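Just final00.txt here, compact mmCIF, C-alpha atoms and all ligand atoms:
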# COMPACT_ATOMS: atom_id res chain seq x y z
CA MET A 1 79.80 86.25 134.35
CA ALA A 2 79.98 82.68 135.44
CA ILE A 3 80.39 79.19 134.12
CA LEU A 4 77.22 77.24 134.77
CA LYS A 5 76.94 73.54 135.52
CA ILE A 6 75.67 71.59 132.52
CA ILE A 7 73.17 68.94 133.57
CA THR A 8 73.32 65.51 131.95
CA GLU A 9 70.82 63.04 130.53
CA GLU A 10 69.87 61.35 133.81
CA ASN A 11 68.54 64.70 135.11
CA GLU A 12 64.80 64.74 134.36
CA THR A 13 64.74 68.54 133.96
CA LEU A 14 66.11 67.91 130.45
CA ARG A 15 62.81 66.15 129.65
CA LYS A 16 60.63 69.13 130.56
CA LYS A 17 59.23 71.69 128.15
CA SER A 18 60.79 75.14 128.48
CA LYS A 19 58.52 78.17 128.91
CA PRO A 20 58.53 81.24 126.67
CA VAL A 21 60.37 84.35 127.86
CA THR A 22 57.70 86.99 128.44
CA GLU A 23 60.05 89.80 129.48
CA ILE A 24 63.80 90.29 129.00
CA THR A 25 64.75 91.01 132.59
CA PRO A 26 68.25 91.59 134.03
CA ARG A 27 68.12 87.93 135.12
CA ILE A 28 67.65 86.83 131.50
CA ILE A 29 70.59 89.02 130.40
CA THR A 30 72.77 87.49 133.14
CA LEU A 31 71.66 84.03 132.05
CA LEU A 32 72.65 84.82 128.43
CA ASP A 33 76.05 86.12 129.56
CA ASP A 34 76.64 83.05 131.70
CA MET A 35 75.51 80.72 128.90
CA ARG A 36 78.08 82.34 126.56
CA ASP A 37 80.87 81.72 129.09
CA THR A 38 79.64 78.18 129.64
CA LEU A 39 79.46 77.34 125.92
CA ILE A 40 82.96 78.69 125.25
CA ASP A 41 84.36 76.90 128.30
CA ALA A 42 82.76 73.62 127.19
CA ASP A 43 83.99 74.13 123.61
CA GLY A 44 80.51 73.33 122.27
CA VAL A 45 78.55 74.50 119.24
CA GLY A 46 75.24 75.12 120.99
CA LEU A 47 73.69 75.34 124.43
CA ALA A 48 70.06 75.54 125.54
CA ALA A 49 69.03 77.19 128.82
CA VAL A 50 67.48 73.94 130.03
CA GLN A 51 70.96 72.36 129.95
CA THR A 52 71.85 74.74 132.78
CA GLY A 53 68.62 73.81 134.59
CA ILE A 54 66.65 76.91 133.50
CA LEU A 55 63.39 76.03 131.73
CA ARG A 56 63.20 79.04 129.40
CA ARG A 57 62.97 79.03 125.61
CA ILE A 58 66.52 80.26 125.02
CA PHE A 59 69.48 78.77 123.22
CA ILE A 60 72.76 80.08 121.87
CA ILE A 61 75.01 78.80 119.11
CA ASN A 62 78.62 79.52 118.24
CA THR A 63 78.45 80.33 114.53
CA SER A 64 82.23 80.51 113.99
CA VAL A 65 83.24 77.30 115.68
CA GLU A 66 84.43 75.85 112.36
CA GLU A 67 86.81 78.81 111.98
CA GLY A 68 88.02 78.40 115.56
CA LYS A 69 86.53 81.73 116.62
CA ASP A 70 83.73 82.62 119.01
CA ASP A 71 80.82 84.34 117.37
CA ILE A 72 77.76 83.58 119.46
CA VAL A 73 74.17 84.20 118.39
CA GLU A 74 71.49 84.26 121.09
CA PHE A 75 67.96 83.04 120.35
CA ILE A 76 65.07 83.93 122.65
CA ASN A 77 61.68 82.26 121.94
CA PRO A 78 62.98 80.75 118.67
CA GLU A 79 60.73 79.23 116.02
CA ILE A 80 61.85 77.20 113.03
CA VAL A 81 60.19 78.88 110.04
CA GLU A 82 61.76 77.11 107.07
CA THR A 83 63.77 73.99 106.34
CA GLU A 84 65.39 72.73 103.15
CA GLY A 85 67.25 69.63 102.06
CA HIS A 86 68.49 66.69 104.09
CA GLN A 87 71.67 65.53 105.79
CA GLU A 88 72.76 62.57 107.87
CA GLU A 89 75.74 63.45 110.03
CA VAL A 90 77.27 62.73 113.40
CA GLU A 91 75.96 64.69 116.37
CA GLY A 92 76.79 64.96 120.04
CA CYS A 93 75.45 66.85 123.06
CA LEU A 94 77.13 68.46 126.08
CA SER A 95 74.39 66.82 128.20
CA VAL A 96 75.17 63.36 126.79
CA PRO A 97 78.94 63.30 127.26
CA GLY A 98 81.07 60.68 125.54
CA LYS A 99 78.40 59.65 123.04
CA TYR A 100 77.85 60.38 119.36
CA GLY A 101 75.12 59.35 116.96
CA VAL A 102 73.99 59.86 113.39
CA THR A 103 70.89 62.00 112.96
CA SER A 104 68.65 62.92 110.06
CA ARG A 105 68.31 66.71 109.78
CA PRO A 106 67.52 69.35 107.15
CA GLN A 107 70.56 70.79 105.35
CA LYS A 108 69.35 74.35 105.85
CA VAL A 109 67.20 75.81 108.62
CA LYS A 110 65.77 79.30 109.05
CA VAL A 111 64.90 80.39 112.59
CA LYS A 112 63.00 83.45 113.75
CA ALA A 113 63.76 84.65 117.28
CA THR A 114 64.12 87.65 119.57
CA ASP A 115 67.51 89.04 120.58
CA ARG A 116 68.52 90.39 124.01
CA ASN A 117 67.38 93.89 123.01
CA GLY A 118 63.90 92.63 122.25
CA ASN A 119 64.30 92.83 118.47
CA GLU A 120 63.06 90.08 116.19
CA PHE A 121 65.56 88.62 113.74
CA GLU A 122 65.96 85.73 111.35
CA PHE A 123 68.97 83.46 111.15
CA THR A 124 69.71 80.79 108.56
CA GLY A 125 72.10 77.96 109.35
CA GLU A 126 73.48 75.38 106.94
CA GLY A 127 75.25 72.08 107.51
CA LEU A 128 76.64 71.91 111.05
CA TYR A 129 74.65 74.99 112.08
CA ALA A 130 71.40 73.60 110.67
CA ARG A 131 71.94 70.46 112.74
CA CYS A 132 72.73 72.59 115.75
CA LEU A 133 69.61 74.78 115.39
CA CYS A 134 67.37 71.69 115.21
CA HIS A 135 69.19 70.04 118.11
CA GLU A 136 68.93 73.10 120.37
CA TYR A 137 65.32 73.70 119.38
CA GLU A 138 64.45 70.14 120.42
CA HIS A 139 66.03 70.74 123.84
CA LEU A 140 63.34 73.38 124.44
CA ASP A 141 60.71 70.64 124.09
CA GLY A 142 62.51 68.11 126.28
CA ILE A 143 63.87 66.07 123.36
CA LEU A 144 67.43 64.72 123.19
CA TYR A 145 69.06 63.82 119.85
CA THR A 146 69.55 60.29 121.15
CA ASP A 147 65.74 59.85 121.05
CA ASN A 148 65.66 60.03 117.26
CA ALA A 149 69.21 59.16 116.18
CA ILE A 150 69.41 56.79 113.21
CA LYS A 151 72.17 54.99 115.08
CA MET A 152 74.49 55.58 118.00
CA LEU A 153 78.20 55.06 117.32
CA ASP A 154 80.30 52.48 119.10
CA PRO A 155 82.88 54.15 121.35
CA GLU A 156 85.69 52.58 119.28
CA ASP A 157 84.38 54.37 116.16
CA PHE A 158 85.49 57.74 117.51
CA GLU A 159 88.23 56.97 120.03
NI NI B 201 72.40 69.12 123.25
Translate this file's structure into structure tokens.
Ligand code: NI
Amino acid sequence: MAILKIITEENETLRKKSKPVTEITPRIITLLDDMRDTLIDADGVGLAAVQTGILRRIFIINTSVEEGKDDIVEFINPEIVETEGHQEEVEGCLSVPGKYGVTSRPQKVKVKATDRNGNEFEFTGEGLYARCLCHEYEHLDGILYTDNAIKMLDPEDFE
């Protein structure tokens, strides 16, 4: 278990497309474990593998962050299969520290993915977690939320 370095927006790796995971090797399991530690340490809602410099289609989200607990779901090779509704809320990113912006996202998002045991599962997120699923999914394609934000906030809006 280790806390990984989170790369930031000037690092061009964040702009690359992540590759599918073809086999869940011990290295992938270690990466998942380290990503969990890293997300909890950074006090974030979601983290994509690319943010630790690894171009694999993996992200994790903390689904109990609103309750102040850690309940982390791991998504390998995720696909968004259904979206519903609309929301415009404030978003941030561990790779874009100190900035926040308003994004347009679905209110509800259903994702299909593989877990660390190789089993397929579906996960539906609403509100904050719907935003997070879309945000993390975009990381896998080299997109940052700042690319499509409706507006970025002035620092004095949130200080
Ligand atoms: Ni992010």
Kindly work out which residues sit at most 8 Å from ligand NI 201 (chain B), using all atoms listed in the file, and give the list as an MDAnalysis selection string. chainID A and resid 46:48 51 92:96 135:136 139 144:145
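For the atom pair formed by CA of Phe59 (chain A) and CA of Glu88 (chain A), the distance is 22.6 Å, given to one decimal.
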Neighbours of Asn117 (chain A) within 9 Å (all atoms listed in the file; same-chain residues fewer than 3 positions away dropped), as a PyMOL selection string? chain A and resi 24+114+120
In terms of only C-alpha atoms, the residue from A:Val21, A:Leu4, A:Glu138, A:Val50 at minimal distance from Asp115 (chain A) is A:Val21
When you draw a straight line from CA of Met35 (chain A) to CA of Pro155 (chain A), how long is it in Å? 28.6 Å
re CA of Thr83 (chain A) and CA of Lys110 (chain A): distance 6.3 Å
Missing atoms in region 61-72 of chain A need filling: write out all heavy atoms for it as an mmCIF file, in the frame of the given file.
data_model
loop_
_atom_site.group_PDB
_atom_site.id
_atom_site.type_symbol
_atom_site.label_atom_id
_atom_site.label_comp_id
_atom_site.auth_asym_id
_atom_site.auth_seq_id
_atom_site.Cartn_x
_atom_site.Cartn_y
_atom_site.Cartn_z
ATOM 1 N N ILE A 61 74.099 79.634 119.896
ATOM 2 C CA ILE A 61 75.010 78.800 119.110
ATOM 3 C C ILE A 61 76.249 79.611 118.740
ATOM 4 O O ILE A 61 76.183 80.840 118.587
ATOM 5 C CB ILE A 61 74.337 78.171 117.851
ATOM 6 C CG1 ILE A 61 74.113 79.161 116.732
ATOM 7 C CG2 ILE A 61 73.027 77.484 118.194
ATOM 8 C CD1 ILE A 61 73.704 78.465 115.429
ATOM 9 N N ASN A 62 77.360 78.897 118.639
ATOM 10 C CA ASN A 62 78.620 79.520 118.240
ATOM 11 C C ASN A 62 78.755 79.334 116.729
ATOM 12 O O ASN A 62 79.030 78.247 116.247
ATOM 13 C CB ASN A 62 79.791 78.863 118.978
ATOM 14 C CG ASN A 62 81.078 79.638 118.789
ATOM 15 O OD1 ASN A 62 81.228 80.394 117.841
ATOM 16 N ND2 ASN A 62 82.008 79.447 119.697
ATOM 17 N N THR A 63 78.547 80.425 115.994
ATOM 18 C CA THR A 63 78.450 80.330 114.530
ATOM 19 C C THR A 63 79.814 80.383 113.845
ATOM 20 O O THR A 63 79.884 80.361 112.618
ATOM 21 C CB THR A 63 77.569 81.455 113.966
ATOM 22 O OG1 THR A 63 78.180 82.713 114.291
ATOM 23 C CG2 THR A 63 76.178 81.409 114.542
ATOM 24 N N SER A 64 80.893 80.483 114.606
ATOM 25 C CA SER A 64 82.230 80.510 113.990
ATOM 26 C C SER A 64 83.101 79.382 114.498
ATOM 27 O O SER A 64 84.318 79.439 114.366
ATOM 28 C CB SER A 64 82.924 81.842 114.269
ATOM 29 O OG SER A 64 82.267 82.869 113.594
ATOM 30 N N VAL A 65 82.466 78.367 115.061
ATOM 31 C CA VAL A 65 83.240 77.300 115.680
ATOM 32 C C VAL A 65 84.126 76.585 114.659
ATOM 33 O O VAL A 65 85.235 76.164 114.965
ATOM 34 C CB VAL A 65 82.301 76.352 116.470
ATOM 35 C CG1 VAL A 65 81.576 75.385 115.585
ATOM 36 C CG2 VAL A 65 83.049 75.625 117.561
ATOM 37 N N GLU A 66 83.637 76.519 113.400
ATOM 38 C CA GLU A 66 84.430 75.850 112.360
ATOM 39 C C GLU A 66 85.690 76.662 112.012
ATOM 40 O O GLU A 66 86.658 76.120 111.513
ATOM 41 C CB GLU A 66 83.584 75.627 111.090
ATOM 42 C CG GLU A 66 82.622 74.466 111.240
ATOM 43 C CD GLU A 66 81.713 74.274 110.032
ATOM 44 O OE1 GLU A 66 81.246 75.298 109.481
ATOM 45 O OE2 GLU A 66 81.465 73.121 109.660
ATOM 46 N N GLU A 67 85.634 77.973 112.255
ATOM 47 C CA GLU A 67 86.810 78.810 111.980
ATOM 48 C C GLU A 67 87.667 78.983 113.232
ATOM 49 O O GLU A 67 88.648 79.728 113.215
ATOM 50 C CB GLU A 67 86.373 80.204 111.492
ATOM 51 C CG GLU A 67 85.682 80.230 110.129
ATOM 52 C CD GLU A 67 84.174 80.021 110.235
ATOM 53 O OE1 GLU A 67 83.515 80.850 110.845
ATOM 54 O OE2 GLU A 67 83.681 78.997 109.723
ATOM 55 N N GLY A 68 87.262 78.311 114.321
ATOM 56 C CA GLY A 68 88.020 78.400 115.560
ATOM 57 C C GLY A 68 87.862 79.731 116.275
ATOM 58 O O GLY A 68 88.689 80.120 117.086
ATOM 59 N N LYS A 69 86.783 80.456 115.943
ATOM 60 C CA LYS A 69 86.530 81.730 116.620
ATOM 61 C C LYS A 69 85.270 81.585 117.469
ATOM 62 O O LYS A 69 84.587 80.587 117.413
ATOM 63 C CB LYS A 69 86.314 82.841 115.580
ATOM 64 C CG LYS A 69 87.546 83.145 114.764
ATOM 65 C CD LYS A 69 87.312 84.329 113.830
ATOM 66 C CE LYS A 69 86.424 83.962 112.679
ATOM 67 N NZ LYS A 69 86.237 85.014 111.682
ATOM 68 N N ASP A 70 84.970 82.612 118.245
ATOM 69 C CA ASP A 70 83.730 82.620 119.010
ATOM 70 C C ASP A 70 82.851 83.745 118.502
ATOM 71 O O ASP A 70 83.174 84.915 118.650
ATOM 72 C CB ASP A 70 84.031 82.839 120.509
ATOM 73 C CG ASP A 70 84.846 81.704 121.079
ATOM 74 O OD1 ASP A 70 84.560 80.540 120.741
ATOM 75 O OD2 ASP A 70 85.773 81.978 121.858
ATOM 76 N N ASP A 71 81.772 83.371 117.860
ATOM 77 C CA ASP A 71 80.820 84.340 117.370
ATOM 78 C C ASP A 71 79.436 83.793 117.731
ATOM 79 O O ASP A 71 78.886 82.971 117.015
ATOM 80 C CB ASP A 71 80.992 84.512 115.856
ATOM 81 C CG ASP A 71 80.212 85.698 115.328
ATOM 82 O OD1 ASP A 71 79.563 86.384 116.141
ATOM 83 O OD2 ASP A 71 80.245 85.931 114.107
ATOM 84 N N ILE A 72 78.936 84.233 118.868
ATOM 85 C CA ILE A 72 77.760 83.580 119.460
ATOM 86 C C ILE A 72 76.489 84.351 119.143
ATOM 87 O O ILE A 72 76.436 85.572 119.301
ATOM 88 C CB ILE A 72 77.978 83.414 120.974
ATOM 89 C CG1 ILE A 72 79.084 82.357 121.172
ATOM 90 C CG2 ILE A 72 76.688 82.996 121.679
ATOM 91 C CD1 ILE A 72 79.578 82.203 122.556
#
